[in-house]
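Enquirer: Next comes upload-v9.txt, compact mmCIF, N, CA and C atoms:
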```txt
# COMPACT_ATOMS: atom_id res chain seq x y z
N ARG A 1 94.94 -123.72 129.46
CA ARG A 1 95.70 -124.34 130.52
C ARG A 1 96.66 -125.34 129.91
N TYR A 2 97.78 -125.53 130.54
CA TYR A 2 98.76 -126.49 130.03
C TYR A 2 99.62 -127.01 131.18
N GLU A 3 100.25 -128.13 130.92
CA GLU A 3 101.18 -128.75 131.86
C GLU A 3 102.49 -129.00 131.11
N MET A 4 103.59 -128.59 131.71
CA MET A 4 104.90 -128.80 131.10
C MET A 4 105.88 -129.21 132.18
N ASN A 5 106.87 -129.97 131.79
CA ASN A 5 107.93 -130.38 132.70
C ASN A 5 109.26 -129.83 132.19
N TYR A 6 110.05 -129.34 133.11
CA TYR A 6 111.36 -128.78 132.75
C TYR A 6 112.46 -129.48 133.55
N ARG A 7 113.61 -129.60 132.91
CA ARG A 7 114.82 -130.06 133.59
C ARG A 7 115.96 -129.21 133.03
N ASN A 8 116.74 -128.62 133.91
CA ASN A 8 117.84 -127.75 133.50
C ASN A 8 117.37 -126.66 132.54
N ASP A 9 116.21 -126.05 132.86
CA ASP A 9 115.62 -124.96 132.08
C ASP A 9 115.24 -125.35 130.65
N MET A 10 115.05 -126.64 130.39
CA MET A 10 114.61 -127.12 129.07
C MET A 10 113.39 -128.01 129.25
N LEU A 11 112.46 -127.96 128.27
CA LEU A 11 111.34 -128.89 128.30
C LEU A 11 111.87 -130.31 128.33
N ASP A 12 111.29 -131.12 129.22
CA ASP A 12 111.73 -132.50 129.35
C ASP A 12 110.58 -133.31 129.93
N GLY A 13 110.05 -134.23 129.15
CA GLY A 13 108.89 -135.01 129.57
C GLY A 13 107.66 -134.62 128.77
N GLN A 14 106.50 -134.95 129.30
CA GLN A 14 105.26 -134.73 128.57
C GLN A 14 104.75 -133.30 128.74
N GLU A 15 104.25 -132.75 127.63
CA GLU A 15 103.59 -131.44 127.63
C GLU A 15 102.16 -131.67 127.18
N ILE A 16 101.21 -131.12 127.92
CA ILE A 16 99.78 -131.28 127.61
C ILE A 16 99.13 -129.91 127.57
N HIS A 17 98.40 -129.63 126.49
CA HIS A 17 97.61 -128.40 126.37
C HIS A 17 96.13 -128.80 126.39
N TYR A 18 95.32 -127.94 127.02
CA TYR A 18 93.89 -128.21 127.17
C TYR A 18 93.05 -127.12 126.50
N PHE A 19 91.88 -127.53 125.98
CA PHE A 19 90.88 -126.57 125.52
C PHE A 19 90.22 -125.95 126.76
N HIS A 20 89.48 -124.87 126.55
CA HIS A 20 88.77 -124.21 127.65
C HIS A 20 87.75 -125.14 128.32
N ASN A 21 87.23 -126.13 127.56
CA ASN A 21 86.25 -127.05 128.12
C ASN A 21 86.89 -128.19 128.92
N GLY A 22 88.22 -128.18 129.05
CA GLY A 22 88.91 -129.20 129.83
C GLY A 22 89.42 -130.39 129.03
N GLN A 23 88.97 -130.52 127.76
CA GLN A 23 89.45 -131.62 126.92
C GLN A 23 90.91 -131.37 126.54
N ILE A 24 91.65 -132.45 126.37
CA ILE A 24 93.05 -132.34 125.94
C ILE A 24 93.10 -131.91 124.47
N GLU A 25 93.93 -130.91 124.19
CA GLU A 25 94.13 -130.45 122.81
C GLU A 25 95.35 -131.13 122.19
N THR A 26 96.49 -131.10 122.88
CA THR A 26 97.69 -131.77 122.39
C THR A 26 98.44 -132.44 123.54
N LYS A 27 99.08 -133.56 123.20
CA LYS A 27 99.99 -134.26 124.11
C LYS A 27 101.25 -134.53 123.30
N GLU A 28 102.38 -134.11 123.83
CA GLU A 28 103.64 -134.38 123.14
C GLU A 28 104.75 -134.53 124.16
N ALA A 29 105.84 -135.12 123.72
CA ALA A 29 106.95 -135.40 124.63
C ALA A 29 108.20 -134.65 124.18
N TYR A 30 108.99 -134.27 125.17
CA TYR A 30 110.26 -133.58 124.92
C TYR A 30 111.38 -134.27 125.69
N ARG A 31 112.57 -134.19 125.13
CA ARG A 31 113.78 -134.64 125.83
C ARG A 31 114.84 -133.57 125.59
N ASN A 32 115.31 -132.99 126.68
CA ASN A 32 116.33 -131.93 126.60
C ASN A 32 115.94 -130.80 125.65
N GLY A 33 114.64 -130.39 125.70
CA GLY A 33 114.17 -129.27 124.91
C GLY A 33 113.81 -129.59 123.47
N ILE A 34 113.91 -130.86 123.07
CA ILE A 34 113.63 -131.27 121.69
C ILE A 34 112.47 -132.25 121.69
N ARG A 35 111.53 -132.07 120.74
CA ARG A 35 110.42 -133.03 120.63
C ARG A 35 110.98 -134.41 120.39
N GLU A 36 110.50 -135.36 121.19
CA GLU A 36 111.00 -136.74 121.11
C GLU A 36 109.91 -137.67 121.60
N GLY A 37 109.37 -138.48 120.69
CA GLY A 37 108.35 -139.45 121.08
C GLY A 37 106.98 -139.10 120.54
N LYS A 38 105.98 -139.70 121.13
CA LYS A 38 104.60 -139.64 120.65
C LYS A 38 104.03 -138.22 120.67
N TYR A 39 103.24 -137.92 119.63
CA TYR A 39 102.52 -136.65 119.51
C TYR A 39 101.07 -136.97 119.19
N GLU A 40 100.14 -136.30 119.88
CA GLU A 40 98.72 -136.47 119.60
C GLU A 40 98.03 -135.12 119.68
N ARG A 41 97.12 -134.88 118.71
CA ARG A 41 96.29 -133.67 118.73
C ARG A 41 94.84 -134.10 118.62
N PHE A 42 93.97 -133.44 119.40
CA PHE A 42 92.56 -133.79 119.48
C PHE A 42 91.69 -132.58 119.17
N ASN A 43 90.41 -132.83 118.79
CA ASN A 43 89.47 -131.73 118.64
C ASN A 43 88.83 -131.45 120.00
N SER A 44 88.01 -130.42 120.08
CA SER A 44 87.45 -130.02 121.37
C SER A 44 86.45 -131.02 121.94
N ALA A 45 86.02 -131.99 121.11
CA ALA A 45 85.13 -133.05 121.59
C ALA A 45 85.92 -134.27 122.06
N GLY A 46 87.25 -134.21 121.96
CA GLY A 46 88.09 -135.31 122.43
C GLY A 46 88.43 -136.35 121.38
N LYS A 47 88.00 -136.14 120.15
CA LYS A 47 88.32 -137.08 119.06
C LYS A 47 89.71 -136.77 118.51
N PRO A 48 90.47 -137.79 118.08
CA PRO A 48 91.80 -137.54 117.53
C PRO A 48 91.73 -136.78 116.20
N GLU A 49 92.71 -135.89 115.99
CA GLU A 49 92.84 -135.18 114.72
C GLU A 49 94.14 -135.55 114.01
N GLU A 50 95.20 -135.80 114.79
CA GLU A 50 96.51 -136.08 114.22
C GLU A 50 97.33 -136.86 115.25
N SER A 51 98.12 -137.81 114.77
CA SER A 51 99.02 -138.54 115.68
C SER A 51 100.25 -139.00 114.93
N GLY A 52 101.33 -139.11 115.66
CA GLY A 52 102.59 -139.56 115.09
C GLY A 52 103.67 -139.50 116.14
N ALA A 53 104.91 -139.44 115.68
CA ALA A 53 106.04 -139.40 116.62
C ALA A 53 107.15 -138.52 116.06
N PHE A 54 107.93 -137.99 116.99
CA PHE A 54 109.11 -137.20 116.64
C PHE A 54 110.36 -137.94 117.09
N VAL A 55 111.41 -137.84 116.30
CA VAL A 55 112.73 -138.34 116.65
C VAL A 55 113.70 -137.18 116.40
N ASN A 56 114.40 -136.78 117.44
CA ASN A 56 115.33 -135.64 117.34
C ASN A 56 114.66 -134.39 116.77
N GLY A 57 113.40 -134.14 117.16
CA GLY A 57 112.68 -132.95 116.73
C GLY A 57 112.08 -133.01 115.35
N GLU A 58 112.18 -134.14 114.67
CA GLU A 58 111.66 -134.30 113.31
C GLU A 58 110.57 -135.36 113.28
N LYS A 59 109.54 -135.15 112.43
CA LYS A 59 108.53 -136.19 112.25
C LYS A 59 109.22 -137.45 111.76
N ASP A 60 108.80 -138.60 112.31
CA ASP A 60 109.42 -139.86 111.92
C ASP A 60 108.41 -140.98 112.06
N GLY A 61 108.40 -141.90 111.11
CA GLY A 61 107.47 -143.02 111.15
C GLY A 61 106.11 -142.64 110.59
N GLU A 62 105.09 -143.42 110.95
CA GLU A 62 103.75 -143.20 110.42
C GLU A 62 103.04 -142.08 111.18
N TRP A 63 102.46 -141.16 110.42
CA TRP A 63 101.62 -140.09 110.95
C TRP A 63 100.23 -140.28 110.39
N LEU A 64 99.22 -140.07 111.22
CA LEU A 64 97.83 -140.25 110.83
C LEU A 64 97.05 -138.97 111.05
N TRP A 65 96.11 -138.68 110.14
CA TRP A 65 95.18 -137.56 110.28
C TRP A 65 93.78 -138.15 110.24
N TYR A 66 92.89 -137.63 111.08
CA TYR A 66 91.57 -138.20 111.29
C TYR A 66 90.47 -137.23 110.87
N ASN A 67 89.31 -137.81 110.51
CA ASN A 67 88.14 -136.97 110.22
C ASN A 67 87.44 -136.60 111.53
N ASP A 68 86.33 -135.87 111.44
CA ASP A 68 85.62 -135.41 112.64
C ASP A 68 85.06 -136.54 113.49
N MET A 69 84.91 -137.71 112.90
CA MET A 69 84.39 -138.86 113.64
C MET A 69 85.51 -139.68 114.29
N GLY A 70 86.75 -139.28 114.08
CA GLY A 70 87.87 -139.98 114.69
C GLY A 70 88.39 -141.15 113.86
N LYS A 71 87.95 -141.25 112.61
CA LYS A 71 88.42 -142.31 111.71
C LYS A 71 89.60 -141.81 110.89
N VAL A 72 90.57 -142.68 110.63
CA VAL A 72 91.75 -142.30 109.86
C VAL A 72 91.33 -141.91 108.45
N GLU A 73 91.76 -140.73 108.03
CA GLU A 73 91.42 -140.21 106.71
C GLU A 73 92.64 -140.17 105.79
N TYR A 74 93.81 -140.00 106.39
CA TYR A 74 95.03 -139.79 105.62
C TYR A 74 96.21 -140.31 106.43
N ALA A 75 97.18 -140.90 105.76
CA ALA A 75 98.37 -141.40 106.44
C ALA A 75 99.61 -141.03 105.63
N ALA A 76 100.70 -140.81 106.34
CA ALA A 76 101.97 -140.51 105.67
C ALA A 76 103.10 -141.10 106.51
N LYS A 77 104.17 -141.47 105.82
CA LYS A 77 105.37 -141.93 106.52
C LYS A 77 106.46 -140.89 106.35
N PHE A 78 107.18 -140.67 107.45
CA PHE A 78 108.26 -139.70 107.46
C PHE A 78 109.56 -140.36 107.89
N GLN A 79 110.66 -139.85 107.36
CA GLN A 79 112.00 -140.23 107.80
C GLN A 79 112.77 -138.93 108.00
N ALA A 80 113.23 -138.70 109.23
CA ALA A 80 114.01 -137.51 109.55
C ALA A 80 113.34 -136.23 109.06
N GLY A 81 112.01 -136.15 109.24
CA GLY A 81 111.28 -134.94 108.90
C GLY A 81 110.82 -134.82 107.47
N LYS A 82 111.19 -135.76 106.62
CA LYS A 82 110.79 -135.71 105.21
C LYS A 82 109.75 -136.78 104.93
N MET A 83 108.68 -136.40 104.22
CA MET A 83 107.65 -137.35 103.86
C MET A 83 108.20 -138.28 102.77
N VAL A 84 108.05 -139.60 103.01
CA VAL A 84 108.54 -140.57 102.04
C VAL A 84 107.41 -141.32 101.34
N SER A 85 106.21 -141.30 101.93
CA SER A 85 105.04 -141.89 101.27
C SER A 85 103.79 -141.32 101.91
N GLN A 86 102.67 -141.42 101.17
CA GLN A 86 101.40 -140.92 101.67
C GLN A 86 100.27 -141.68 101.02
N LYS A 87 99.12 -141.72 101.72
CA LYS A 87 97.93 -142.33 101.11
C LYS A 87 96.70 -141.92 101.89
N SER A 88 95.59 -141.86 101.14
CA SER A 88 94.29 -141.62 101.75
C SER A 88 93.74 -142.97 102.16
N LYS A 89 93.03 -143.00 103.25
CA LYS A 89 92.48 -144.28 103.74
C LYS A 89 91.06 -144.46 103.25
```
Kindly return the structure encoded in the file as structure tokens.

Expert:
Amino acid sequence: RYEMNYRNDMLDGQEIHYFHNGQIETKEAYRNGIREGKYERFNSAGKPEESGAFVNGEKDGEWLWYNDMGKVEYAAKFQAGKMVSQKSK
């Protein structure tokens, strides 16, 4: 199951995908058909797996990846879709 918003036949606003058990799988935002803003991905138990943001459809700023317990395991910084630094936590 999923929820999407469209304006002028393009994705615009928040898009949410769900697992079969009803938990949210991904939440992301679009503006005029392009990923723009916060992105979050979760496991089927509802714990975070990945989070970050898109600017003009490209990863930008700090992105985090989490272990099965929801603790940050890895972090990376992006500028215009290119990784500029990374580190394990």

Enquirer: So how many Å separate atom C of A:Tyr18 and atom N of A:Tyr2, to one decimal?

Expert: 6.4 Å

Enquirer: Point out the residue among A:Arg1, A:Phe78, A:Ala29, A:Val55 with the least atom-to-atom distance to A:Gln14, counting all atoms listed in the file.

Expert: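 Checking each candidate against A:Gln14, we get A:Ala29 as the closest.
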
Enquirer: Between atom CA of A:Lys47 and atom CA of A:Met69, measure the distance and give it in Å to one decimal.

Expert: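 We find that atom CA of A:Lys47 and atom CA of A:Met69 lie 6.9 Å from each other.
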
Enquirer: For A:Phe19, which residue among A:Gly81, A:Ser88, A:Asn56, A:Asn43 is the nearest when counting only N, CA and C atoms?

Expert: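 Result for the nearest residue to A:Phe19: A:Asn43.
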
Enquirer: What's the 5 Å shell around A:Gly13, counting all atoms listed in the file, without same-chain residues fewer than 2 positions away, as a PDB file with N, CA and C atoms, in the frame of the given file?

Expert:
```pdb
ATOM      1  N   LEU A  11     112.460-127.960 128.270  1.00  0.00           N
ATOM      2  CA  LEU A  11     111.340-128.890 128.300  1.00  0.00           C
ATOM      3  C   LEU A  11     111.870-130.310 128.330  1.00  0.00           C
ATOM      4  N   GLU A  15     104.250-132.750 127.630  1.00  0.00           N
ATOM      5  CA  GLU A  15     103.590-131.440 127.630  1.00  0.00           C
ATOM      6  C   GLU A  15     102.160-131.670 127.180  1.00  0.00           C
ATOM      7  N   ALA A  29     105.840-135.120 123.720  1.00  0.00           N
ATOM      8  CA  ALA A  29     106.950-135.400 124.630  1.00  0.00           C
ATOM      9  C   ALA A  29     108.200-134.650 124.180  1.00  0.00           C
ATOM     10  N   TYR A  30     108.990-134.270 125.170  1.00  0.00           N
ATOM     11  CA  TYR A  30     110.260-133.580 124.920  1.00  0.00           C
ATOM     12  C   TYR A  30     111.380-134.270 125.690  1.00  0.00           C
ATOM     13  N   ARG A  31     112.570-134.190 125.130  1.00  0.00           N
ATOM     14  CA  ARG A  31     113.780-134.640 125.830  1.00  0.00           C
ATOM     15  C   ARG A  31     114.840-133.570 125.590  1.00  0.00           C
TER      16      ARG A  31
END
```

Enquirer: Please list, as a list in words, the residues that have an atom at most 8 Å away from (101.4, -138.8, 119.1) in the coordinates of this file, counting all atoms listed in the file.

Expert: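 Checking each residue against the 8 Å limit leaves Lys27, Glu28, Ala29, Gly37, Lys38, Tyr39, Glu40, Arg41, Glu50, Ser51, Gly52, Ala53 and Phe54 of chain A.
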
Enquirer: Please measure the separation of atom CA of A:Tyr74 and atom CA of A:Gln86, giving the value in Å to one decimal.

Expert: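 Separation of atom CA of A:Tyr74 and atom CA of A:Gln86: 7.6 Å.
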
Enquirer: For A:Glu58, which residue among A:Ile24, A:Lys82, A:Phe42, A:Glu73 is the nearest when counting only C-alpha atoms?

Expert: A:Lys82

Enquirer: Give me, as a VMD selection string, the residues of chain A that a backbone DSSP run labels strand (DSSP E).

Expert: chain A and resid 2 to 3 6 to 7 10 to 11 13 to 18 24 to 31 34 to 42 48 to 55 58 to 59 61 to 66 72 to 79 82 to 88

Enquirer: Determine, counting only C-alpha atoms, every residue of protein, DNA or RNA that lies within 8 Å of (90.9, -136.5, 110.1) in the file coordinates, then give the result as a list in words.

Expert: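 Protein, DNA and RNA residues close to (90.9, -136.5, 110.1): Pro48, Glu49, Glu50, Leu64, Trp65, Tyr66, Asn67, Asp68, Met69, Gly70, Lys71, Val72, Glu73 and Tyr74 of chain A.
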
Enquirer: Keeping only N, CA and C atoms, take the residues you just selected and write them out as a JSON list (two decimals), keeping the file's coordinate frame.

Expert:
```json
[["chain", "number", "residue", "atom", "x", "y", "z"],
["A", 48, "PRO", "N", 90.47, -137.79, 118.08],
["A", 48, "PRO", "CA", 91.80, -137.54, 117.53],
["A", 48, "PRO", "C", 91.73, -136.78, 116.20],
["A", 49, "GLU", "N", 92.71, -135.89, 115.99],
["A", 49, "GLU", "CA", 92.84, -135.18, 114.72],
["A", 49, "GLU", "C", 94.14, -135.55, 114.01],
["A", 50, "GLU", "N", 95.20, -135.80, 114.79],
["A", 50, "GLU", "CA", 96.51, -136.08, 114.22],
["A", 50, "GLU", "C", 97.33, -136.86, 115.25],
["A", 64, "LEU", "N", 99.22, -140.07, 111.22],
["A", 64, "LEU", "CA", 97.83, -140.25, 110.83],
["A", 64, "LEU", "C", 97.05, -138.97, 111.05],
["A", 65, "TRP", "N", 96.11, -138.68, 110.14],
["A", 65, "TRP", "CA", 95.18, -137.56, 110.28],
["A", 65, "TRP", "C", 93.78, -138.15, 110.24],
["A", 66, "TYR", "N", 92.89, -137.63, 111.08],
["A", 66, "TYR", "CA", 91.57, -138.20, 111.29],
["A", 66, "TYR", "C", 90.47, -137.23, 110.87],
["A", 67, "ASN", "N", 89.31, -137.81, 110.51],
["A", 67, "ASN", "CA", 88.14, -136.97, 110.22],
["A", 67, "ASN", "C", 87.44, -136.60, 111.53],
["A", 68, "ASP", "N", 86.33, -135.87, 111.44],
["A", 68, "ASP", "CA", 85.62, -135.41, 112.64],
["A", 68, "ASP", "C", 85.06, -136.54, 113.49],
["A", 69, "MET", "N", 84.91, -137.71, 112.90],
["A", 69, "MET", "CA", 84.39, -138.86, 113.64],
["A", 69, "MET", "C", 85.51, -139.68, 114.29],
["A", 70, "GLY", "N", 86.75, -139.28, 114.08],
["A", 70, "GLY", "CA", 87.87, -139.98, 114.69],
["A", 70, "GLY", "C", 88.39, -141.15, 113.86],
["A", 71, "LYS", "N", 87.95, -141.25, 112.61],
["A", 71, "LYS", "CA", 88.42, -142.31, 111.71],
["A", 71, "LYS", "C", 89.60, -141.81, 110.89],
["A", 72, "VAL", "N", 90.57, -142.68, 110.63],
["A", 72, "VAL", "CA", 91.75, -142.30, 109.86],
["A", 72, "VAL", "C", 91.33, -141.91, 108.45],
["A", 73, "GLU", "N", 91.76, -140.73, 108.03],
["A", 73, "GLU", "CA", 91.42, -140.21, 106.71],
["A", 73, "GLU", "C", 92.64, -140.17, 105.79],
["A", 74, "TYR", "N", 93.81, -140.00, 106.39],
["A", 74, "TYR", "CA", 95.03, -139.79, 105.62],
["A", 74, "TYR", "C", 96.21, -140.31, 106.43]]
```

Enquirer: Nearest residue to A:Gly57 out of A:Ala76, A:Ala45, A:Ile34, A:Met10, using all atoms listed in the file?

Expert: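 Among A:Ala76, A:Ala45, A:Ile34, A:Met10, it is A:Ile34 that comes nearest to A:Gly57.
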